[in-house]
Structures are given as structure tokens and as C-alpha cells.
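Visitor: Here you go, this is data-v7.tsv (TSV, C-alpha atoms).
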```
chain	number	residue	atom	x	y	z
A	1	GLY	CA	1.18	15.51	-5.34
A	2	ILE	CA	-1.73	13.93	-3.51
A	3	ASP	CA	-5.16	15.39	-2.87
A	4	THR	CA	-5.08	15.16	0.93
A	5	HIS	CA	-8.63	16.50	1.12
A	6	ARG	CA	-9.79	13.36	-0.68
A	7	PHE	CA	-7.39	10.78	0.75
A	8	GLN	CA	-8.20	11.32	4.40
A	9	LYS	CA	-8.42	9.18	7.52
A	10	LYS	CA	-11.81	7.66	8.30
A	11	ASP	CA	-13.24	5.57	11.12
A	12	LYS	CA	-11.75	2.10	10.52
A	13	GLN	CA	-14.15	0.21	12.78
A	14	ALA	CA	-17.24	1.87	11.32
A	15	LEU	CA	-16.06	1.08	7.77
A	16	ARG	CA	-15.34	-2.55	8.58
A	17	LYS	CA	-18.78	-2.95	10.07
A	18	ARG	CA	-20.35	-1.39	6.97
A	19	TYR	CA	-18.37	-3.65	4.62
A	20	LYS	CA	-18.90	-6.70	6.88
A	21	ILE	CA	-15.19	-7.24	7.51
A	22	SER	CA	-14.02	-8.64	10.85
A	23	LEU	CA	-12.73	-6.06	13.30
A	24	ASP	CA	-10.05	-8.57	14.38
A	25	ALA	CA	-8.67	-9.17	10.89
A	26	LYS	CA	-5.17	-8.00	10.03
A	27	ILE	CA	-5.73	-6.57	6.57
A	28	ILE	CA	-2.98	-6.38	3.96
A	29	LEU	CA	-3.87	-4.30	0.91
A	30	SER	CA	-2.19	-4.25	-2.47
A	31	VAL	CA	-3.45	-1.69	-4.96
A	32	GLY	CA	-2.45	-1.64	-8.61
A	33	ARG	CA	-2.61	-3.42	-11.94
A	34	LEU	CA	-2.48	-7.21	-11.86
A	35	SER	CA	0.61	-7.42	-14.04
A	36	GLU	CA	3.98	-9.18	-13.92
A	37	LYS	CA	5.80	-6.02	-12.83
A	38	LYS	CA	3.72	-5.77	-9.66
A	39	GLY	CA	5.24	-8.99	-8.28
A	40	LEU	CA	2.07	-10.21	-6.58
A	41	THR	CA	3.11	-13.87	-6.62
A	42	TYR	CA	5.78	-12.98	-4.04
A	43	LEU	CA	3.15	-11.53	-1.73
A	44	ILE	CA	0.99	-14.63	-2.23
A	45	ASP	CA	3.98	-16.88	-1.45
A	46	ALA	CA	4.66	-14.92	1.77
A	47	VAL	CA	1.18	-15.52	3.19
A	48	PRO	CA	1.66	-19.14	4.44
A	49	SER	CA	4.63	-18.09	6.61
A	50	LEU	CA	2.63	-15.15	7.94
A	51	LEU	CA	-0.33	-17.40	8.80
A	52	LYS	CA	1.88	-19.53	11.04
A	53	LYS	CA	2.30	-16.52	13.31
A	54	HIS	CA	-0.91	-14.53	12.78
A	55	LYS	CA	-4.15	-16.40	12.08
A	56	HIS	CA	-6.56	-13.60	11.26
A	57	ILE	CA	-4.91	-12.43	8.04
A	58	LEU	CA	-6.89	-11.06	5.10
A	59	VAL	CA	-5.21	-9.96	1.87
A	60	LEU	CA	-7.23	-7.69	-0.41
A	61	LEU	CA	-5.98	-7.24	-3.97
A	62	ILE	CA	-7.47	-4.16	-5.61
A	63	GLY	CA	-7.10	-3.76	-9.35
A	64	GLY	CA	-7.53	-5.61	-12.61
A	65	GLY	CA	-5.21	-6.71	-15.37
A	66	GLU	CA	-3.88	-9.39	-17.63
A	67	LEU	CA	-2.71	-11.70	-14.83
A	68	GLU	CA	-6.04	-11.85	-13.00
A	69	TYR	CA	-6.97	-15.36	-14.15
A	70	TYR	CA	-3.46	-16.71	-13.53
A	71	LEU	CA	-3.23	-15.18	-10.06
A	72	LYS	CA	-6.64	-16.51	-9.05
A	73	GLU	CA	-5.57	-19.99	-10.14
A	74	TYR	CA	-2.29	-19.59	-8.26
A	75	VAL	CA	-4.13	-18.63	-5.07
A	76	GLN	CA	-6.48	-21.61	-5.42
A	77	GLN	CA	-3.58	-24.01	-5.91
A	78	LYS	CA	-2.18	-22.85	-2.57
A	79	GLY	CA	-5.55	-23.17	-0.84
A	80	LEU	CA	-5.61	-19.47	0.04
A	81	GLU	CA	-8.82	-18.41	-1.71
A	82	LYS	CA	-10.47	-17.55	1.63
A	83	ILE	CA	-7.46	-15.49	2.73
A	84	ILE	CA	-6.57	-13.65	-0.50
A	85	LEU	CA	-9.50	-11.90	-2.16
A	86	PHE	CA	-9.62	-10.25	-5.58
A	87	LEU	CA	-11.81	-7.15	-5.39
A	88	GLY	CA	-11.28	-5.74	-8.87
A	89	PRO	CA	-10.71	-2.02	-9.54
A	90	LYS	CA	-11.99	0.47	-6.96
A	91	LEU	CA	-12.46	4.18	-7.56
A	92	GLY	CA	-13.56	7.29	-5.71
A	93	GLU	CA	-14.68	7.09	-2.10
A	94	GLU	CA	-14.80	3.29	-2.18
A	95	LEU	CA	-11.05	3.19	-2.78
A	96	VAL	CA	-10.49	5.61	0.09
A	97	ASP	CA	-12.66	3.37	2.28
A	98	TYR	CA	-10.54	0.32	1.54
A	99	TYR	CA	-7.32	2.17	2.31
A	100	ASN	CA	-8.85	3.12	5.65
A	101	MET	CA	-9.88	-0.45	6.45
A	102	GLY	CA	-6.35	-1.74	5.90
A	103	ASP	CA	-3.47	-2.16	8.32
A	104	VAL	CA	-0.62	-2.07	5.81
A	105	CYS	CA	-0.30	-1.65	2.04
A	106	VAL	CA	2.21	-3.86	0.21
A	107	PHE	CA	3.86	-3.20	-3.16
A	108	PRO	CA	6.07	-6.23	-4.01
A	109	SER	CA	7.12	-4.84	-7.40
A	110	ILE	CA	9.94	-6.34	-9.46
A	111	ILE	CA	12.18	-5.33	-12.34
A	112	GLU	CA	10.68	-7.09	-15.35
A	113	GLN	CA	12.80	-7.18	-18.55
A	114	GLY	CA	14.43	-3.91	-17.56
A	115	ASP	CA	11.11	-2.26	-16.78
A	116	THR	CA	10.54	-1.04	-13.24
A	117	GLU	CA	8.32	1.18	-11.12
A	118	GLY	CA	8.53	4.88	-10.64
A	119	LEU	CA	6.82	5.80	-7.41
A	120	PRO	CA	3.24	4.51	-7.80
A	121	SER	CA	0.55	7.01	-6.85
A	122	ALA	CA	-1.08	4.24	-4.81
A	123	VAL	CA	1.89	4.33	-2.42
A	124	LEU	CA	1.22	7.99	-1.68
A	125	GLU	CA	-2.55	7.51	-1.57
A	126	ALA	CA	-2.17	4.79	1.04
A	127	MET	CA	0.13	6.91	3.19
A	128	SER	CA	-2.23	9.87	2.90
A	129	THR	CA	-4.92	7.81	4.67
A	130	GLY	CA	-2.48	6.93	7.46
A	131	LEU	CA	-1.42	3.55	6.11
A	132	ALA	CA	2.16	2.33	6.49
A	133	VAL	CA	3.64	0.73	3.37
A	134	ILE	CA	6.03	-2.09	2.54
A	135	GLY	CA	7.56	-2.11	-0.93
A	136	SER	CA	10.32	-3.67	-2.95
A	137	ASP	CA	13.48	-1.60	-3.18
A	138	VAL	CA	13.23	-1.00	-6.92
A	139	GLY	CA	12.81	2.04	-9.14
A	140	GLY	CA	11.41	5.08	-7.38
A	141	MET	CA	10.03	3.29	-4.31
A	142	SER	CA	12.79	4.72	-2.11
A	143	ASP	CA	11.65	8.24	-3.05
A	144	GLY	CA	8.58	7.77	-0.87
A	145	ILE	CA	9.17	4.80	1.43
A	146	PHE	CA	11.75	5.27	4.19
A	147	ASN	CA	12.78	2.36	6.38
A	148	ASP	CA	11.60	2.58	9.98
A	149	PHE	CA	9.90	5.92	9.27
A	150	ASN	CA	6.76	5.39	7.18
A	151	GLY	CA	7.27	1.78	6.15
A	152	TYR	CA	9.87	-0.68	4.96
A	153	LEU	CA	11.77	-1.50	1.80
A	154	VAL	CA	12.62	-5.15	1.10
A	155	PRO	CA	14.71	-6.79	-1.64
A	156	GLN	CA	12.68	-7.60	-4.73
A	157	LYS	CA	11.59	-11.24	-5.21
A	158	SER	CA	12.48	-12.13	-1.62
A	159	VAL	CA	9.51	-14.00	-0.17
A	160	GLU	CA	11.43	-14.53	3.08
A	161	ALA	CA	12.23	-10.84	3.57
A	162	LEU	CA	8.67	-9.80	2.82
A	163	ALA	CA	7.19	-12.39	5.19
A	164	GLU	CA	9.63	-11.45	7.96
A	165	ARG	CA	8.84	-7.76	7.63
A	166	LEU	CA	5.08	-8.38	7.71
A	167	ILE	CA	5.43	-10.60	10.78
A	168	PHE	CA	7.54	-7.94	12.50
A	169	PHE	CA	5.00	-5.28	11.58
A	170	PHE	CA	2.09	-7.19	13.10
A	171	ASP	CA	4.15	-8.28	16.11
A	172	HIS	CA	4.76	-4.65	17.12
A	173	PRO	CA	1.53	-2.62	17.22
A	174	THR	CA	3.32	0.38	18.75
A	175	ILE	CA	5.73	0.54	15.81
A	176	GLN	CA	2.81	0.00	13.44
A	177	LYS	CA	1.05	3.03	14.92
A	178	LYS	CA	4.20	5.16	14.67
A	179	LEU	CA	4.83	4.26	11.02
A	180	SER	CA	1.20	4.97	10.13
A	181	GLN	CA	1.27	8.39	11.78
A	182	ASN	CA	4.57	9.23	10.09
A	183	ALA	CA	3.13	8.21	6.72
A	184	TYR	CA	0.14	10.50	7.23
A	185	THR	CA	2.34	13.43	8.30
A	186	PHE	CA	4.92	12.88	5.53
A	187	ILE	CA	2.30	13.30	2.81
A	188	ARG	CA	0.95	16.50	4.31
A	189	GLU	CA	4.37	18.05	4.84
A	190	LYS	CA	6.07	16.95	1.60
A	191	VAL	CA	3.79	15.87	-1.25
A	192	SER	CA	0.27	17.22	-0.79
A	193	TRP	CA	-1.18	19.13	-3.73
A	194	ASP	CA	-1.05	22.28	-1.62
A	195	ILE	CA	2.72	21.85	-1.07
A	196	THR	CA	3.38	20.88	-4.70
A	197	LYS	CA	1.35	23.80	-6.01
A	198	GLN	CA	3.37	26.24	-3.91
A	199	LYS	CA	6.68	24.75	-5.12
A	200	PHE	CA	5.64	25.10	-8.76
A	201	TYR	CA	4.47	28.66	-8.13
A	202	GLU	CA	7.85	29.58	-6.64
A	203	ILE	CA	9.70	28.04	-9.61
A	204	TYR	CA	7.56	29.91	-12.13
A	205	GLN	CA	7.99	33.17	-10.22
A	206	ARG	CA	11.74	32.72	-10.19
A	207	PHE	CA	11.93	32.17	-13.95
A	208	TYR	CA	9.36	34.84	-14.77
A	209	HIS	CA	11.25	37.49	-12.84
A	210	GLY	CA	14.60	36.36	-14.16
```
Mind converting the file's structure to C-alpha cells?

Guide:
Amino acid sequence: GIDTHRFQKKDKQALRKRYKISLDAKIILSVGRLSEKKGLTYLIDAVPSLLKKHKHILVLLIGGGELEYYLKEYVQQKGLEKIILFLGPKLGEELVDYYNMGDVCVFPSIIEQGDTEGLPSAVLEAMSTGLAVIGSDVGGMSDGIFNDFNGYLVPQKSVEALAERLIFFFDHPTIQKKLSQNAYTFIREKVSWDITKQKFYEIYQRFYHG
């Protein structure tokens, strides 16, 4: 479950002004460990195609990990160091702020040597702040991301599919708004701590009373 009292919507424009981020920027977030399994090189590779269609793109990578140095070098080699920023780990209200400043949260995870994702808590946190999500169709991603409802699933390791979906997302602000609202509602109706607590209570009651 997700603590919906913590992961709430905030005023996006006010936050961007406070953090000195352009109000016109289209912000793509990715939150999680900088590891091979997270597939971040595929997101990085998708950015040049996206920039051909939308100029004011900003990608914020939140998290730390063993691939940080490699990924920073990779971004520099592509000349994207002003577009893709490494913010390091964020906790507490600052993390909630960044979710609220974003337009979409991307999870380009891959299956690495048989290891894959469950459903990352960051996916649910993002949706709880009203953020639509795009993720690879691996592991447990499809347990929380539903195509054309609260986000999109794309084939893993497909730079083209990821870029196309991001372009479509930014090309259609009405759809973007609908997906974001659905994400926010989905969390509160299905996986908030209040809902989860009640489900566990009912299970325990059933077993306790035979």
C-alpha cells in the first residue's frame, strides 16, 4: 500500500518556481537505483528522438547506485548533460516535491540475467501524486500500470517504442491529464494504506472466526 496522506498532489507551478525549474519544461522523472536492471540507458537513448519533436525536455534521474559514474559518462558522450540531470537520492517531502514537479515518470526496466522487477514502490508513489507512468512490460509492472488508463507499458529494451510513447504523451495534453487523474484515483481506490489495512483486517477476521 501507499501512504496517500504523504504522497499527495501539490502546486506544480509554485514548486517549480521554488526549485528554479522552468514552468515550460516537460519534465520526465525516473526514480530508483542506478543499476543495470533499471534500464536507464534506454531512456537516455530515447531522448534525442524526443528532442526533435519537443524542445523543452528535462529528464531528472533520482537515485544513486553502482552505475552512476557510467551513466554520467554515457550522457556526456551524447551531449545531453544539460537535458539529463542526476539528482542523487531524494527522501521525505523533497521526493514528494519532485514527483509533483514532473509530467511523467518512466521506468524502463529490463530483465537482467533472469532478474526482473516486481512492482516498484516508486511506480505507486508517482501515481499517488497524480503522475502518469510509462514502464517496461516486465515482471510486476502490469500489476499497476494499465495501458491507456494510468500510463503505458512498452516492450523492454525498445528505444523506439519508448520514444514514440513519450512523444505521443506530450503531443496530447488532454490524454496526459486523463491518465494523471486516473493514476491518482487508482491509488486511492485500490492500493492506499487505508484500503490495504481494511483488506488485511477482513482476512484476519475470516481466519480468526473460522

Visitor: Residues at most 9 Å from region 130-136 of chain A, counting all atoms listed in the file, excluding those fewer than 5 positions away in the same chain, as a ChimeraX atom specification?

Guide: /A:8-9,99-100,102-110,123,125,141-142,145,147,149-158,162,165-166,176-185

Visitor: Calculated over all atoms listed in the file, which of the candidates A:Glu68, A:Thr129, A:Phe207, A:Phe186 has the smallest distance to Phe146 (chain A)?

Guide: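 Ranking A:Glu68, A:Thr129, A:Phe207, A:Phe186 by distance to Phe146 (chain A), first place goes to A:Phe186.
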
Visitor: As a short mmCIF file (atom, residue, chain, number, x, y, z; two decimals) with C-alpha atoms, in the frame of the given file, please: the residues near Leu51 (chain A) (cut-off 12 Å, all atoms listed in the file, same-chain neighbours under 2 positions excluded).

Guide:
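Okay, this is what ended up in result-v9.cif:
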```cif
data_model
loop_
_atom_site.label_atom_id
_atom_site.label_comp_id
_atom_site.auth_asym_id
_atom_site.auth_seq_id
_atom_site.Cartn_x
_atom_site.Cartn_y
_atom_site.Cartn_z
CA ALA A 25 -8.67 -9.17 10.89
CA LYS A 26 -5.17 -8.00 10.03
CA ILE A 44 0.99 -14.63 -2.23
CA ASP A 45 3.98 -16.88 -1.45
CA ALA A 46 4.66 -14.92 1.77
CA VAL A 47 1.18 -15.52 3.19
CA PRO A 48 1.66 -19.14 4.44
CA SER A 49 4.63 -18.09 6.61
CA LYS A 53 2.30 -16.52 13.31
CA HIS A 54 -0.91 -14.53 12.78
CA LYS A 55 -4.15 -16.40 12.08
CA HIS A 56 -6.56 -13.60 11.26
CA ILE A 57 -4.91 -12.43 8.04
CA LEU A 58 -6.89 -11.06 5.10
CA VAL A 59 -5.21 -9.96 1.87
CA LEU A 80 -5.61 -19.47 0.04
CA ILE A 83 -7.46 -15.49 2.73
CA ILE A 84 -6.57 -13.65 -0.50
CA ALA A 163 7.19 -12.39 5.19
CA GLU A 164 9.63 -11.45 7.96
CA LEU A 166 5.08 -8.38 7.71
CA ILE A 167 5.43 -10.60 10.78
CA PHE A 170 2.09 -7.19 13.10
#
```

Visitor: From the list A:Leu43, A:Leu34, A:Ile27, A:Ala126, which residue is nearest Val96 (chain A) when using all atoms listed in the file?

Guide: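 Of all the options, A:Ala126 lies closest to Val96 (chain A).
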
Visitor: For a quick check of understanding, using only C-alpha atoms, which of A:His172, A:Lys38, A:Lys72, A:Lys17 has the smallest distance to Thr116 (chain A)?

Guide: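 Closest to Thr116 (chain A), using only C-alpha atoms: A:Lys38.
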
Visitor: Which centre and which edge lengths, in Å to one decimal, describe the axis-aligned box that holds all listed atoms of region 95-108 of chain A after 3 Å is added on each side, as JSON?

Guide:
```
{"center_x": -3.3, "center_y": -0.3, "center_z": 2.2, "size_x": 24.7, "size_y": 17.8, "size_z": 18.3}
```

Visitor: Taking all atoms listed in the file into account, name the residue in A:Tyr98, A:Trp193, A:Tyr74, A:Tyr69 that is nearest to Lys12 (chain A).

Guide: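 Among the listed residues, the smallest separation from Lys12 (chain A) belongs to A:Tyr98.
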
Visitor: Nearest to Thr196 (chain A): which of A:Leu61, A:Ile111, A:Ile2, A:Val159 is it, counting only C-alpha atoms?

Guide: A:Ile2

Visitor: Which one of A:Glu112, A:Leu15, A:Leu23, A:Lys190 sits closest to Gly144 (chain A) if you count all atoms listed in the file?

Guide: A:Lys190

Visitor: Using all atoms listed in the file, which residues sit within 12 Å of Glu94 (chain A) once same-chain residues fewer than 5 positions away are excluded, as a list in words?

Guide: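 What passes the distance filter is Arg6, Phe7, Lys10, Leu15, Arg18, Tyr19, Ile62, Leu87, Gly88, Pro89, Tyr99, Asn100 and Met101 of chain A.
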
Visitor: If I take CA of Lys82 (chain A) and CA of Gly39 (chain A), how far is one from the other in Å, to one decimal?

Guide: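 Between these atoms lies a distance of 20.5 Å.
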
Visitor: Mind giving me the straight-line distance from CA of Gly92 (chain A) to CA of Phe200 (chain A) in Å, one decimal?

Guide: 26.4 Å

Visitor: What does the distance between CA of Glu36 (chain A) and CA of Ile187 (chain A) come to in Å, to one decimal place?

Guide: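 Computed distance, CA of Glu36 (chain A) to CA of Ile187 (chain A), equals 28.1 Å.
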
Visitor: Considering all atoms listed in the file, return as an mmCIF file with C-alpha atoms, keeping the file's coordinate frame whatever protein or nucleic-acid residues lie within 10 Å of Asp194 (chain A), sequence-local ones (same chain, fewer than 3 positions apart) excluded.

Guide:
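Okay, this is what ended up in around_23.cif:
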```cif
data_model
loop_
_atom_site.group_PDB
_atom_site.id
_atom_site.type_symbol
_atom_site.label_atom_id
_atom_site.label_comp_id
_atom_site.auth_asym_id
_atom_site.auth_seq_id
_atom_site.Cartn_x
_atom_site.Cartn_y
_atom_site.Cartn_z
ATOM 1 C CA GLY A 1 1.180 15.510 -5.340
ATOM 2 C CA ILE A 2 -1.730 13.930 -3.510
ATOM 3 C CA ASP A 3 -5.160 15.390 -2.870
ATOM 4 C CA THR A 4 -5.080 15.160 0.930
ATOM 5 C CA HIS A 5 -8.630 16.500 1.120
ATOM 6 C CA ARG A 188 0.950 16.500 4.310
ATOM 7 C CA GLU A 189 4.370 18.050 4.840
ATOM 8 C CA LYS A 190 6.070 16.950 1.600
ATOM 9 C CA VAL A 191 3.790 15.870 -1.250
ATOM 10 C CA LYS A 197 1.350 23.800 -6.010
ATOM 11 C CA GLN A 198 3.370 26.240 -3.910
ATOM 12 C CA LYS A 199 6.680 24.750 -5.120
#
```

Visitor: Within 9 Å of Gly118 (chain A), counting only C-alpha atoms, which residues qualify if same-chain residues fewer than 6 places away don't, as a ChimeraX atom specification?

Guide: /A:138-141,143
